[in-house]
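Data from start-v1.cif: mmCIF, C-alpha atoms and all ligand atoms
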```cif
data_my_file
loop_
_atom_site.label_atom_id
_atom_site.label_comp_id
_atom_site.auth_asym_id
_atom_site.auth_seq_id
_atom_site.Cartn_x
_atom_site.Cartn_y
_atom_site.Cartn_z
CA MET A 1 121.37 71.26 -11.57
CA SER A 2 118.49 68.89 -12.17
CA LYS A 3 114.90 69.93 -11.70
CA ALA A 4 114.60 67.80 -8.57
CA ASN A 5 117.50 69.58 -6.91
CA ASP A 6 116.80 73.12 -8.05
CA PRO A 7 113.73 74.59 -6.34
CA SER A 8 113.64 77.44 -8.89
CA LEU A 9 112.68 74.90 -11.59
CA TRP A 10 109.74 73.42 -9.70
CA SER A 11 107.32 75.71 -11.55
CA TRP A 12 106.85 76.11 -15.31
CA VAL A 13 106.55 79.86 -14.62
CA THR A 14 109.98 81.51 -14.70
CA VAL A 15 111.11 82.46 -11.19
CA PRO A 16 114.23 84.66 -11.43
CA ALA A 17 117.06 84.12 -8.93
CA GLY A 18 116.41 86.14 -5.80
CA SER A 19 112.66 86.34 -6.42
CA ASP A 20 110.49 86.58 -3.30
CA PHE A 21 107.80 84.48 -4.94
CA PRO A 22 108.84 80.92 -5.81
CA ILE A 23 106.21 78.17 -5.97
CA GLN A 24 106.89 77.41 -2.28
CA ASN A 25 105.51 80.83 -1.27
CA LEU A 26 102.28 81.61 -3.16
CA PRO A 27 101.07 84.56 -1.05
CA PHE A 28 97.59 86.03 -1.57
CA GLY A 29 96.84 89.60 -2.58
CA ILE A 30 94.29 91.87 -4.27
CA PHE A 31 95.23 93.31 -7.66
CA GLN A 32 93.68 95.17 -10.55
CA THR A 33 94.80 96.14 -14.06
CA LYS A 34 93.44 98.63 -16.58
CA ASP A 35 91.26 95.82 -17.95
CA LEU A 36 90.56 93.73 -14.85
CA SER A 37 88.49 94.70 -11.82
CA PRO A 38 90.00 94.10 -8.35
CA ARG A 39 90.30 90.39 -7.55
CA VAL A 40 92.26 87.77 -5.63
CA GLY A 41 95.62 86.73 -7.01
CA VAL A 42 98.61 84.63 -6.04
CA ALA A 43 102.17 85.84 -6.69
CA ILE A 44 104.49 83.55 -8.68
CA GLY A 45 107.85 84.86 -9.90
CA GLU A 46 107.16 88.16 -11.66
CA GLN A 47 103.58 87.17 -12.44
CA ILE A 48 100.21 86.97 -10.70
CA LEU A 49 97.94 83.94 -11.01
CA ASP A 50 94.39 85.32 -11.39
CA LEU A 51 92.31 83.04 -9.15
CA GLN A 52 89.03 84.41 -10.49
CA ALA A 53 90.08 83.42 -14.03
CA ILE A 54 91.11 79.89 -13.10
CA ALA A 55 87.94 79.43 -11.03
CA GLU A 56 85.80 80.53 -14.01
CA ALA A 57 87.63 77.96 -16.14
CA GLY A 58 86.67 75.24 -13.66
CA LEU A 59 90.17 74.58 -12.40
CA LEU A 60 89.14 75.05 -8.74
CA ASN A 61 86.06 72.79 -9.02
CA SER A 62 87.66 70.15 -6.81
CA ILE A 63 87.40 72.56 -3.85
CA SER A 64 83.89 73.31 -2.68
CA PHE A 65 83.41 77.00 -1.82
CA ASP A 66 81.59 80.10 -3.04
CA LYS A 67 83.89 81.22 -5.87
CA SER A 68 82.47 84.77 -5.78
CA VAL A 69 84.85 85.53 -2.88
CA LEU A 70 87.65 85.56 -5.50
CA SER A 71 86.06 88.54 -7.27
CA LYS A 72 86.01 90.80 -4.22
CA ASN A 73 88.30 93.79 -3.65
CA ILE A 74 89.42 92.51 -0.23
CA LEU A 75 90.52 89.08 1.01
CA ASN A 76 88.28 89.10 4.11
CA SER A 77 85.51 86.82 2.75
CA PHE A 78 88.07 84.45 1.25
CA ILE A 79 90.10 84.06 4.42
CA ALA A 80 86.92 83.82 6.53
CA LEU A 81 86.28 80.49 4.75
CA GLY A 82 88.97 79.05 7.01
CA LYS A 83 92.34 77.43 6.60
CA HIS A 84 90.77 74.21 5.34
CA THR A 85 89.68 76.10 2.20
CA THR A 86 92.46 78.70 1.84
CA ASN A 87 95.15 76.03 2.23
CA ALA A 88 93.38 73.87 -0.36
CA VAL A 89 93.32 76.80 -2.83
CA ARG A 90 97.00 77.47 -2.21
CA GLU A 91 97.86 73.78 -2.66
CA ARG A 92 95.77 73.61 -5.86
CA SER A 93 97.55 76.74 -7.17
CA SER A 94 100.84 75.00 -6.44
CA GLU A 95 99.68 71.94 -8.34
CA LEU A 96 98.62 74.02 -11.38
CA LEU A 97 101.94 75.89 -11.40
CA ASN A 98 104.05 72.77 -10.96
CA ALA A 99 106.42 72.03 -13.84
CA ASP A 100 104.94 68.55 -14.29
CA ASN A 101 101.34 69.73 -14.50
CA GLN A 102 99.81 70.47 -17.94
CA GLU A 103 96.30 71.71 -17.03
CA LEU A 104 97.19 75.39 -17.27
CA GLN A 105 100.67 75.15 -18.75
CA ALA A 106 99.40 73.50 -21.98
CA ASN A 107 96.30 75.69 -22.36
CA ASP A 108 97.61 78.71 -24.30
CA VAL A 109 94.42 80.77 -24.15
CA LEU A 110 93.75 80.27 -20.45
CA ARG A 111 97.41 80.59 -19.51
CA ASN A 112 97.67 83.96 -21.22
CA LYS A 113 94.46 85.09 -19.54
CA ALA A 114 95.24 83.85 -16.03
CA LEU A 115 98.86 84.97 -15.72
CA ILE A 116 99.30 88.72 -15.37
CA LYS A 117 102.63 90.51 -15.20
CA GLN A 118 103.08 92.16 -11.80
CA SER A 119 104.41 95.20 -13.66
CA ASP A 120 101.01 95.55 -15.39
CA ALA A 121 99.05 95.30 -12.13
CA ARG A 122 98.32 97.64 -9.28
CA MET A 123 98.26 96.09 -5.82
CA LEU A 124 95.48 97.18 -3.46
CA MET A 125 95.01 96.85 0.29
CA PRO A 126 94.75 93.06 0.76
CA VAL A 127 92.20 93.25 3.57
CA SER A 128 89.76 95.66 5.11
CA VAL A 129 91.17 96.06 8.63
CA PRO A 130 88.47 96.14 11.35
CA ASN A 131 90.94 96.49 14.22
CA TYR A 132 94.62 97.25 14.52
CA THR A 133 96.78 96.59 17.57
CA ASP A 134 100.45 97.45 17.89
CA PHE A 135 102.62 95.51 20.31
CA TYR A 136 106.00 96.47 21.72
CA SER A 137 107.59 93.06 21.81
CA SER A 138 111.27 93.57 20.97
CA ARG A 139 113.30 93.68 24.15
CA GLU A 140 116.13 95.50 22.37
CA HIS A 141 113.77 98.21 21.06
CA ALA A 142 111.96 98.69 24.38
CA THR A 143 115.33 98.92 26.15
CA ASN A 144 116.73 101.44 23.67
CA VAL A 145 113.63 103.66 23.83
CA GLY A 146 113.52 103.40 27.63
CA MET A 147 117.15 104.49 27.83
CA MET A 148 116.49 107.53 25.64
CA PHE A 149 113.03 108.61 26.86
CA ARG A 150 113.34 107.64 30.53
CA ASP A 151 115.96 106.17 32.83
CA PRO A 152 119.01 104.42 31.30
CA ALA A 153 119.46 102.35 34.44
CA ASN A 154 115.86 101.09 34.47
CA ALA A 155 115.04 101.13 30.78
CA LEU A 156 112.44 98.35 30.84
CA LEU A 157 109.32 99.24 32.82
CA PRO A 158 108.35 96.72 35.54
CA ASN A 159 105.54 95.11 33.51
CA TRP A 160 107.55 94.54 30.33
CA LEU A 161 108.97 91.07 31.09
CA HIS A 162 105.58 89.85 32.37
CA LEU A 163 103.21 90.73 29.53
CA PRO A 164 103.35 91.70 25.84
CA VAL A 165 102.74 95.46 26.11
CA GLY A 166 100.53 96.89 23.36
CA TYR A 167 98.02 99.59 22.47
CA HIS A 168 95.03 99.88 20.17
CA GLY A 169 96.08 101.66 16.98
CA ARG A 170 94.16 103.27 14.15
CA ALA A 171 92.93 100.94 11.38
CA SER A 172 91.61 103.66 9.04
CA SER A 173 95.05 105.00 8.16
CA ILE A 174 96.73 101.70 7.23
CA VAL A 175 97.67 101.95 3.53
CA VAL A 176 99.24 99.67 0.97
CA SER A 177 102.83 100.00 -0.22
CA GLY A 178 103.33 102.85 -2.69
CA THR A 179 100.82 105.20 -1.03
CA PRO A 180 102.48 108.53 -0.13
CA ILE A 181 102.13 109.89 3.41
CA HIS A 182 102.02 113.58 4.26
CA ARG A 183 104.26 114.73 7.09
CA PRO A 184 102.00 115.06 10.13
CA LYS A 185 101.51 118.31 11.99
CA GLY A 186 100.92 118.53 15.70
CA GLN A 187 101.92 119.78 19.12
CA THR A 188 105.43 119.48 20.42
CA LYS A 189 107.16 120.68 23.55
CA THR A 190 110.66 120.07 24.80
CA ASP A 191 111.68 120.32 28.46
CA ALA A 192 113.41 123.63 27.68
CA GLU A 193 110.22 125.24 26.31
CA ALA A 194 107.59 126.77 28.58
CA MET A 195 104.69 126.30 26.16
CA PRO A 196 103.93 123.80 23.38
CA SER A 197 104.23 124.86 19.75
CA PHE A 198 102.41 123.62 16.62
CA GLY A 199 103.77 122.67 13.21
CA PRO A 200 105.06 119.87 10.97
CA SER A 201 106.89 117.09 12.82
CA LYS A 202 110.66 117.64 12.83
CA SER A 203 111.51 114.05 13.73
CA LEU A 204 109.48 111.76 11.52
CA ASP A 205 110.56 108.14 11.83
CA PHE A 206 109.79 104.68 10.50
CA GLU A 207 109.30 101.57 12.62
CA LEU A 208 110.33 98.24 11.13
CA GLU A 209 107.59 95.75 12.03
CA ILE A 210 105.78 92.62 10.86
CA ALA A 211 102.02 92.28 11.33
CA PHE A 212 99.89 89.16 11.41
CA ILE A 213 96.34 89.08 10.04
CA THR A 214 93.67 87.00 11.74
CA GLY A 215 91.47 84.73 9.61
CA LYS A 216 88.92 83.66 12.19
CA ALA A 217 86.69 85.59 14.58
CA THR A 218 85.85 84.99 18.23
CA SER A 219 82.81 86.04 20.29
CA LEU A 220 82.98 88.58 23.05
CA GLY A 221 84.04 86.77 26.22
CA ASP A 222 86.09 84.10 24.43
CA SER A 223 89.83 83.68 24.85
CA ILE A 224 92.45 82.10 22.57
CA THR A 225 95.18 79.96 24.14
CA THR A 226 98.76 80.03 22.93
CA ALA A 227 98.18 76.50 21.58
CA GLN A 228 95.12 77.63 19.57
CA ALA A 229 96.61 80.90 18.33
CA GLU A 230 98.19 79.70 15.07
CA ASP A 231 94.84 78.43 13.85
CA PHE A 232 93.67 82.07 13.98
CA ILE A 233 96.67 83.51 12.11
CA PHE A 234 96.09 83.60 8.34
CA GLY A 235 99.34 85.27 7.30
CA LEU A 236 101.88 88.04 7.68
CA VAL A 237 102.79 91.34 6.01
CA LEU A 238 105.63 93.82 6.42
CA PHE A 239 104.52 96.84 8.43
CA ASN A 240 105.96 100.36 8.73
CA ASP A 241 104.47 102.08 11.77
CA TRP A 242 105.37 105.67 10.85
CA SER A 243 106.03 107.64 14.04
CA ALA A 244 106.47 111.35 14.78
CA ARG A 245 108.92 111.29 17.68
CA ASP A 246 108.56 114.94 18.69
CA LEU A 247 104.75 114.62 18.88
CA GLN A 248 105.12 111.30 20.70
CA ARG A 249 107.44 112.65 23.37
CA TRP A 250 104.94 115.36 24.39
CA GLU A 251 101.65 113.47 24.07
CA TYR A 252 102.35 109.89 25.19
CA VAL A 253 102.01 110.26 28.98
CA PRO A 254 99.95 108.68 30.48
CA LEU A 255 97.87 106.81 27.86
CA GLY A 256 100.47 106.04 25.19
CA PRO A 257 100.73 106.87 21.47
CA PHE A 258 97.99 108.87 19.75
CA LEU A 259 98.58 111.44 16.96
CA ALA A 260 102.27 110.51 16.74
CA LYS A 261 101.18 107.19 15.21
CA ASN A 262 97.70 107.42 13.69
CA PHE A 263 98.49 109.50 10.58
CA GLY A 264 99.58 106.47 8.56
CA SER A 265 101.01 102.96 8.57
CA THR A 266 102.26 101.19 5.43
CA ILE A 267 101.96 97.46 4.68
CA SER A 268 103.31 95.18 1.96
CA PRO A 269 100.55 94.01 -0.42
CA TRP A 270 101.10 90.22 -0.43
CA VAL A 271 99.93 88.21 2.57
CA VAL A 272 102.45 85.42 3.16
CA THR A 273 100.71 82.48 4.80
CA LEU A 274 101.87 80.95 8.04
CA GLU A 275 102.05 77.65 6.15
CA ALA A 276 104.63 79.05 3.68
CA LEU A 277 106.78 80.11 6.64
CA GLU A 278 106.61 76.70 8.35
CA PRO A 279 110.25 75.70 7.47
CA PHE A 280 111.57 78.86 9.13
CA ARG A 281 110.45 78.27 12.71
CA VAL A 282 113.10 78.91 15.35
CA GLU A 283 113.26 79.01 19.14
CA GLY A 284 112.52 82.40 20.69
CA PRO A 285 114.71 84.04 23.33
CA ALA A 286 114.58 82.43 26.80
CA GLN A 287 111.93 84.17 28.90
CA GLU A 288 113.12 84.98 32.38
CA PRO A 289 111.40 85.57 34.80
CA GLU A 290 108.99 82.74 34.13
CA VAL A 291 105.75 83.92 32.52
CA LEU A 292 102.27 83.33 33.94
CA PRO A 293 100.63 80.04 32.88
CA TYR A 294 98.37 81.60 30.19
CA LEU A 295 101.48 82.94 28.39
CA LYS A 296 103.39 79.64 28.39
CA TYR A 297 103.77 77.90 25.07
CA SER A 298 105.46 74.90 23.53
CA GLY A 299 107.27 74.46 20.23
CA LYS A 300 109.14 76.86 18.00
CA LYS A 301 107.03 80.01 17.71
CA ASN A 302 109.54 82.53 16.36
CA LEU A 303 110.25 82.91 12.64
CA ASP A 304 113.63 83.51 11.01
CA ILE A 305 112.76 86.34 8.61
CA ALA A 306 115.57 88.67 7.52
CA LEU A 307 114.51 92.32 7.35
CA GLU A 308 116.07 95.32 5.61
CA VAL A 309 115.28 99.02 5.65
CA THR A 310 116.55 101.34 2.92
CA ILE A 311 116.13 105.11 2.66
CA ARG A 312 115.91 106.50 -0.89
CA THR A 313 116.39 110.24 -1.25
CA GLU A 314 114.61 112.48 -3.75
CA SER A 315 117.73 112.30 -5.96
CA GLY A 316 117.58 108.49 -5.96
CA ALA A 317 120.51 107.89 -3.60
CA GLU A 318 119.88 104.76 -1.52
CA LYS A 319 121.29 103.67 1.81
CA LEU A 320 120.59 100.45 3.69
CA VAL A 321 120.11 101.67 7.27
CA SER A 322 119.02 98.50 9.07
CA HIS A 323 119.43 94.76 8.82
CA SER A 324 117.26 93.06 11.44
CA ASN A 325 115.37 89.79 11.90
CA PHE A 326 111.89 88.83 13.12
CA LYS A 327 113.48 86.01 15.17
CA TYR A 328 114.64 88.52 17.80
CA MET A 329 111.10 89.07 19.13
CA TYR A 330 110.86 88.41 22.87
CA TRP A 331 107.09 87.87 22.84
CA ASN A 332 105.84 85.68 19.99
CA MET A 333 102.58 86.00 18.01
CA CYS A 334 100.86 83.21 19.97
CA GLN A 335 101.60 84.93 23.27
CA GLN A 336 100.42 88.26 21.84
CA LEU A 337 97.08 86.80 20.72
CA ALA A 338 96.61 84.87 23.99
CA HIS A 339 97.29 88.01 26.01
CA HIS A 340 95.05 90.16 23.77
CA THR A 341 92.07 87.86 24.31
CA VAL A 342 92.65 86.59 27.86
CA ASN A 343 90.16 89.19 29.16
CA GLY A 344 87.49 88.19 26.61
CA CYS A 345 88.28 90.80 23.95
CA ASN A 346 86.84 89.49 20.67
CA ILE A 347 88.81 89.46 17.43
CA SER A 348 87.64 89.82 13.81
CA VAL A 349 88.64 88.49 10.40
CA GLY A 350 91.19 90.87 8.87
CA ASP A 351 92.42 92.32 12.16
CA MET A 352 96.04 93.40 12.05
CA TYR A 353 98.43 92.80 14.94
CA ALA A 354 101.82 94.46 14.52
CA SER A 355 104.89 93.20 16.34
CA GLY A 356 106.34 96.46 17.52
CA THR A 357 109.64 97.75 16.19
CA ILE A 358 111.96 94.83 15.48
CA SER A 359 115.41 95.78 16.72
CA GLY A 360 118.31 93.38 16.94
CA PRO A 361 121.20 93.46 19.39
CA THR A 362 123.59 95.66 17.37
CA PRO A 363 123.22 99.26 16.11
CA ASP A 364 123.10 98.10 12.46
CA SER A 365 120.04 96.00 13.33
CA TYR A 366 118.00 98.72 15.03
CA GLY A 367 114.51 99.15 13.58
CA SER A 368 113.98 102.92 13.78
CA MET A 369 115.94 106.10 13.11
CA LEU A 370 115.42 107.04 16.76
CA GLU A 371 117.68 104.13 17.68
CA ILE A 372 119.97 104.11 14.61
CA THR A 373 120.95 107.76 15.15
CA TRP A 374 120.44 107.50 18.93
CA GLY A 375 117.97 110.36 19.11
CA GLY A 376 119.69 112.28 16.30
CA LYS A 377 123.14 112.26 17.93
CA ASN A 378 124.73 110.06 15.23
CA PRO A 379 123.29 111.08 11.85
CA VAL A 380 123.32 108.62 8.96
CA GLN A 381 125.56 109.72 6.07
CA MET A 382 123.78 109.32 2.74
CA PRO A 383 125.63 108.49 -0.51
CA ASP A 384 124.62 111.87 -2.02
CA GLY A 385 126.50 113.76 0.72
CA THR A 386 123.41 114.66 2.78
CA GLU A 387 122.74 113.26 6.25
CA ARG A 388 119.65 112.00 8.03
CA LYS A 389 118.67 112.20 11.69
CA PHE A 390 115.11 111.32 10.77
CA ILE A 391 113.13 111.13 7.49
CA ASN A 392 113.10 114.15 5.16
CA ASP A 393 110.30 115.24 2.85
CA ASN A 394 110.41 113.31 -0.47
CA ASP A 395 112.41 110.47 1.10
CA THR A 396 111.10 106.96 0.48
CA VAL A 397 111.47 104.26 3.13
CA LEU A 398 111.62 100.73 1.70
CA ILE A 399 111.27 97.65 3.87
CA LYS A 400 112.04 94.19 2.53
CA GLY A 401 111.73 90.85 4.27
CA TYR A 402 112.50 87.27 3.35
CA ALA A 403 113.12 83.87 4.89
CA GLU A 404 115.74 81.80 3.07
CA LYS A 405 116.94 78.22 3.43
CA ASP A 406 118.09 75.37 1.16
CA GLY A 407 117.79 77.51 -1.97
CA VAL A 408 114.19 78.52 -1.22
CA ARG A 409 113.39 82.16 -0.51
CA ILE A 410 109.99 83.06 0.92
CA GLY A 411 109.75 86.84 0.55
CA PHE A 412 107.22 89.58 1.20
CA GLY A 413 107.88 91.89 -1.74
CA GLU A 414 108.22 95.52 -0.88
CA CYS A 415 106.71 97.81 1.74
CA SER A 416 107.48 101.31 0.55
CA GLY A 417 106.19 104.77 1.32
CA MET A 418 107.27 108.26 0.38
CA ILE A 419 106.95 111.20 2.76
CA LEU A 420 105.40 114.28 1.18
CA PRO A 421 105.50 117.76 2.72
CA SER A 422 102.76 118.63 5.23
CA LYS A 423 99.38 119.53 3.73
CA CA B 501 105.16 100.59 16.65
#
```
Would you kindly transcribe this structure into structure tokens?
Ligand code: CA
Amino acid sequence: MSKANDPSLWSWVTVPAGSDFPIQNLPFGIFQTKDLSPRVGVAIGEQILDLQAIAEAGLLNSISFDKSVLSKNILNSFIALGKHTTNAVRERSSELLNADNQELQANDVLRNKALIKQSDARMLMPVSVPNYTDFYSSREHATNVGMMFRDPANALLPNWLHLPVGYHGRASSIVVSGTPIHRPKGQTKTDAEAMPSFGPSKSLDFELEIAFITGKATSLGDSITTAQAEDFIFGLVLFNDWSARDLQRWEYVPLGPFLAKNFGSTISPWVVTLEALEPFRVEGPAQEPEVLPYLKYSGKKNLDIALEVTIRTESGAEKLVSHSNFKYMYWNMCQQLAHHTVNGCNISVGDMYASGTISGPTPDSYGSMLEITWGGKNPVQMPDGTERKFINDNDTVLIKGYAEKDGVRIGFGECSGMILPSK
């Protein structure tokens, strides 16, 4: 195939087949190595372009901004510069990495300095998260949970089709992929027990989600319309909202999740921009009954992003347990942000807004073990002969996500976390 027809040849940096990070993606992240302090980088193939290094060499001089934001250990100050600047930096990175461009490609010293192998780098939390909200926007997930926890005949609560249900989560315990999580302890009580008991959760679960990160703040009292919302969304990460189902079942009435959720959430380290995902817009599900005027929107606001969840046991046995897609979401990100701010709630740069568990229509596309095993009734058989109702100690849950079309794959890398025994 010629260079023009093969998107994998558009960069002079080798991009292996199946890579999440072709030149069309260029997500932002924070990395460090044993020699380099934390800084802003862009993923390309199996490498990282060190933006601090190319800025120091003058290769970002055509874009006017305070280059010190590239030497910080979080992206917040960079993304607060606004899309005008962050898009220009991404486009300039694309230009420098383009096969036809010699500025970096032909400069041996700078090229060796500015390109770092991902295998030599450690990825850090990409942003400091001031606020975290978790929605509940998959109709299939809300229906499945309603059937199991409440009334199968009336699984969706009366408000669900009229507003994107959500709750305020805990920002302090959001960690980057690779960070282990200790099994939470807490109170549980089943209907058969007279009194609650205390101990490690016996039904620890994952929730397959995607979160968007806001790049622009509002003042208290301001609202964001569905039409304005995308201007506030910097990019997306994969999100595992770890959940202790036994704690949740006892504690959640009447105010919703608390200790069943706040012990840890895991995100993927690379923030994929909304601009990179532009070719993957699709129509969302029809919304019936009609939504209130402030939740109406126009255009394609859902994204076709394939999602996979794999459980890896301590012995290394792996099983793909879910194959879902972000396109199934009933409420889209613009509606979520419009609803969140319609009362004047202010938002901050770096806020994280998670979708809620992304379940598809079939059991192999369910986004949690609660649904996959239907409350533990249908255990998953693992290749090493063991079975799983929920997540065991020393299991690792790996989430992957990618949008793919016309030979171009825009991926998120990996969102992985291992469960350690209770402390
Ligand atoms: Ca959740």
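If only C-alpha atoms are the atoms counted, then among A:Ser197, A:Thr341, A:Gln102, A:Asn144 the closest residue to Pro363 (chain A) is A:Asn144.
All residues of protein, DNA or RNA that reach within 7 Å of Glu283 (chain A), judged by all atoms listed in the file and not counting those fewer than 5 positions away in the chain, are Lys300, Lys301 and Asn302 of chain A.
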Closest pair table for chain A residues within 10 Å of ligand CA 501 (chain B), only C-alpha atoms and all ligand atoms, as CSV:
```
residue,atom,partner,partner_atom,distance
A:Thr133,CA,B:CA501,CA,9.3
A:Asp134,CA,B:CA501,CA,5.8
A:Phe135,CA,B:CA501,CA,6.8
A:Tyr136,CA,B:CA501,CA,6.6
A:Ser137,CA,B:CA501,CA,9.4
A:His141,CA,B:CA501,CA,10.0
A:Gly166,CA,B:CA501,CA,9.0
A:Tyr167,CA,B:CA501,CA,9.3
A:Gly169,CA,B:CA501,CA,9.1
A:Phe206,CA,B:CA501,CA,8.7
A:Glu207,CA,B:CA501,CA,5.9
A:Leu208,CA,B:CA501,CA,7.9
A:Glu209,CA,B:CA501,CA,7.1
A:Ile210,CA,B:CA501,CA,9.9
A:Phe239,CA,B:CA501,CA,9.1
A:Asn240,CA,B:CA501,CA,8.0
A:Asp241,CA,B:CA501,CA,5.1
A:Trp242,CA,B:CA501,CA,7.7
A:Ser243,CA,B:CA501,CA,7.6
A:Pro257,CA,B:CA501,CA,9.1
A:Lys261,CA,B:CA501,CA,7.8
A:Ser265,CA,B:CA501,CA,9.4
A:Ala354,CA,B:CA501,CA,7.3
A:Ser355,CA,B:CA501,CA,7.4
A:Gly356,CA,B:CA501,CA,4.4
A:Thr357,CA,B:CA501,CA,5.3
A:Ile358,CA,B:CA501,CA,9.0
A:Gly367,CA,B:CA501,CA,9.9
A:Ser368,CA,B:CA501,CA,9.6
```
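Relative to CA of Ile181 (chain A), CA of Thr396 (chain A) is found at 9.9 Å.
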Within 12 Å of region 401-422 of chain A, which residues of region 70-126 of chain A come that close, and what is the closest atom pair and distance in Å for each? Count all atoms listed in the file and give it as CSV.
```
residue,atom,partner,partner_atom,distance
A:Gln118,CA,A:Gly413,CA,11.1
A:Met123,CA,A:Glu414,CA,11.1
A:Met125,CA,A:Cys415,CA,11.8
```
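CA of Asp384 (chain A) sits 5.9 Å away from CA of Ala317 (chain A).
Between Asn325 (chain A) and the candidates A:Ile399, A:Met382, A:Val109, A:Met195, the tightest atom-to-atom separation, counting all atoms listed in the file, involves A:Ile399.
You will find CA of Met333 (chain A) at 23.4 Å from CA of Ile74 (chain A).
Nearest residue to Asp393 (chain A), choosing from A:Cys345, A:Leu303, A:Phe234, A:Leu204 and counting only C-alpha atoms: A:Leu204.
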Which residues are near Val253 (chain A)? Cut-off 12 Å, all atoms listed in the file, ignore same chain within fewer than 6 positions. Put them as a PDB file with C-alpha atoms, in the frame of the given file.
```
ATOM      1  CA  PHE A 149     113.030 108.610  26.860  1.00  0.00           C
ATOM      2  CA  ARG A 150     113.340 107.640  30.530  1.00  0.00           C
ATOM      3  CA  LEU A 247     104.750 114.620  18.880  1.00  0.00           C
TER       4      LEU A 247
END
```
Residues near Lys34 (chain A), anyone? I mean within 10 Å using only C-alpha atoms, not counting same-chain ones fewer than 6 positions away, as a ChimeraX atom specification.
/A:120-122
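For the residues A:Tyr353, A:Phe263, A:Trp160, A:Phe28, ranking by smallest atom-to-atom distance to Tyr132 (chain A) using all atoms listed in the file places A:Tyr353 first.
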Contacts of Asp66 (chain A) within 10 Å, only C-alpha atoms, excl. fewer than 2 positions in-chain, as a ChimeraX atom specification:
/A:63-64,68-70,77-78,81
Take the point (93.0, 86.7, -5.5) in the file's coordinates, draw a sphere of radius 12 Å around it, and report as a ChimeraX atom specification every protein, DNA or RNA residue with an atom inside or on it, counting only C-alpha atoms.
/A:26-32,36-43,48-55,67-79,86,89-90,93,114-116,123-127,269-271
Take every atom of region 146-165 of chain A listed in the file, pad by 5 Å on each side, and give me the axis-aligned box centre and edge lengths in Å, one decimal, as lines of an AutoDock Vina configuration file.
```
center_x = 111.1
center_y = 99.2
center_z = 30.6
size_x = 26.7
size_y = 28.8
size_z = 19.9
```
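Minimum distance to Ser173 (chain A) across A:Ser128, A:Asn343, A:Thr362, A:Ser324 (counting all atoms listed in the file) occurs at A:Ser128.
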Contacts of Ser365 (chain A) within 12 Å, only C-alpha atoms, excl. fewer than 5 positions in-chain, as a PyMOL selection string:
chain A and resi 138+140-141+208+306-309+320-326+328+357-360+371-373
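Among the candidate residues A:Asp231, A:Asp205, A:Asp351, A:Glu95, the one lying nearest to Gly264 (chain A) is A:Asp205, with distances computed using all atoms listed in the file.
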Take the point (98.2, 95.7, 6.6) in the file's coordinates, draw a sphere of radius 8 Å around it, and report as a PyMOL selection string every protein, DNA or RNA residue with an atom inside or on it, counting only C-alpha atoms.
chain A and resi 125-127+129+174-176+211+213+237-239+266-269+352
Generate a file of the selected residues that holds C-alpha atoms, formatted as a CSV table (one decimal), in the frame of the given file.
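Saved as selection08.csv:
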```csv
chain,number,residue,atom,x,y,z
A,125,MET,CA,95.0,96.8,0.3
A,126,PRO,CA,94.8,93.1,0.8
A,127,VAL,CA,92.2,93.2,3.6
A,129,VAL,CA,91.2,96.1,8.6
A,174,ILE,CA,96.7,101.7,7.2
A,175,VAL,CA,97.7,102.0,3.5
A,176,VAL,CA,99.2,99.7,1.0
A,211,ALA,CA,102.0,92.3,11.3
A,213,ILE,CA,96.3,89.1,10.0
A,237,VAL,CA,102.8,91.3,6.0
A,238,LEU,CA,105.6,93.8,6.4
A,239,PHE,CA,104.5,96.8,8.4
A,266,THR,CA,102.3,101.2,5.4
A,267,ILE,CA,102.0,97.5,4.7
A,268,SER,CA,103.3,95.2,2.0
A,269,PRO,CA,100.6,94.0,-0.4
A,352,MET,CA,96.0,93.4,12.0
```
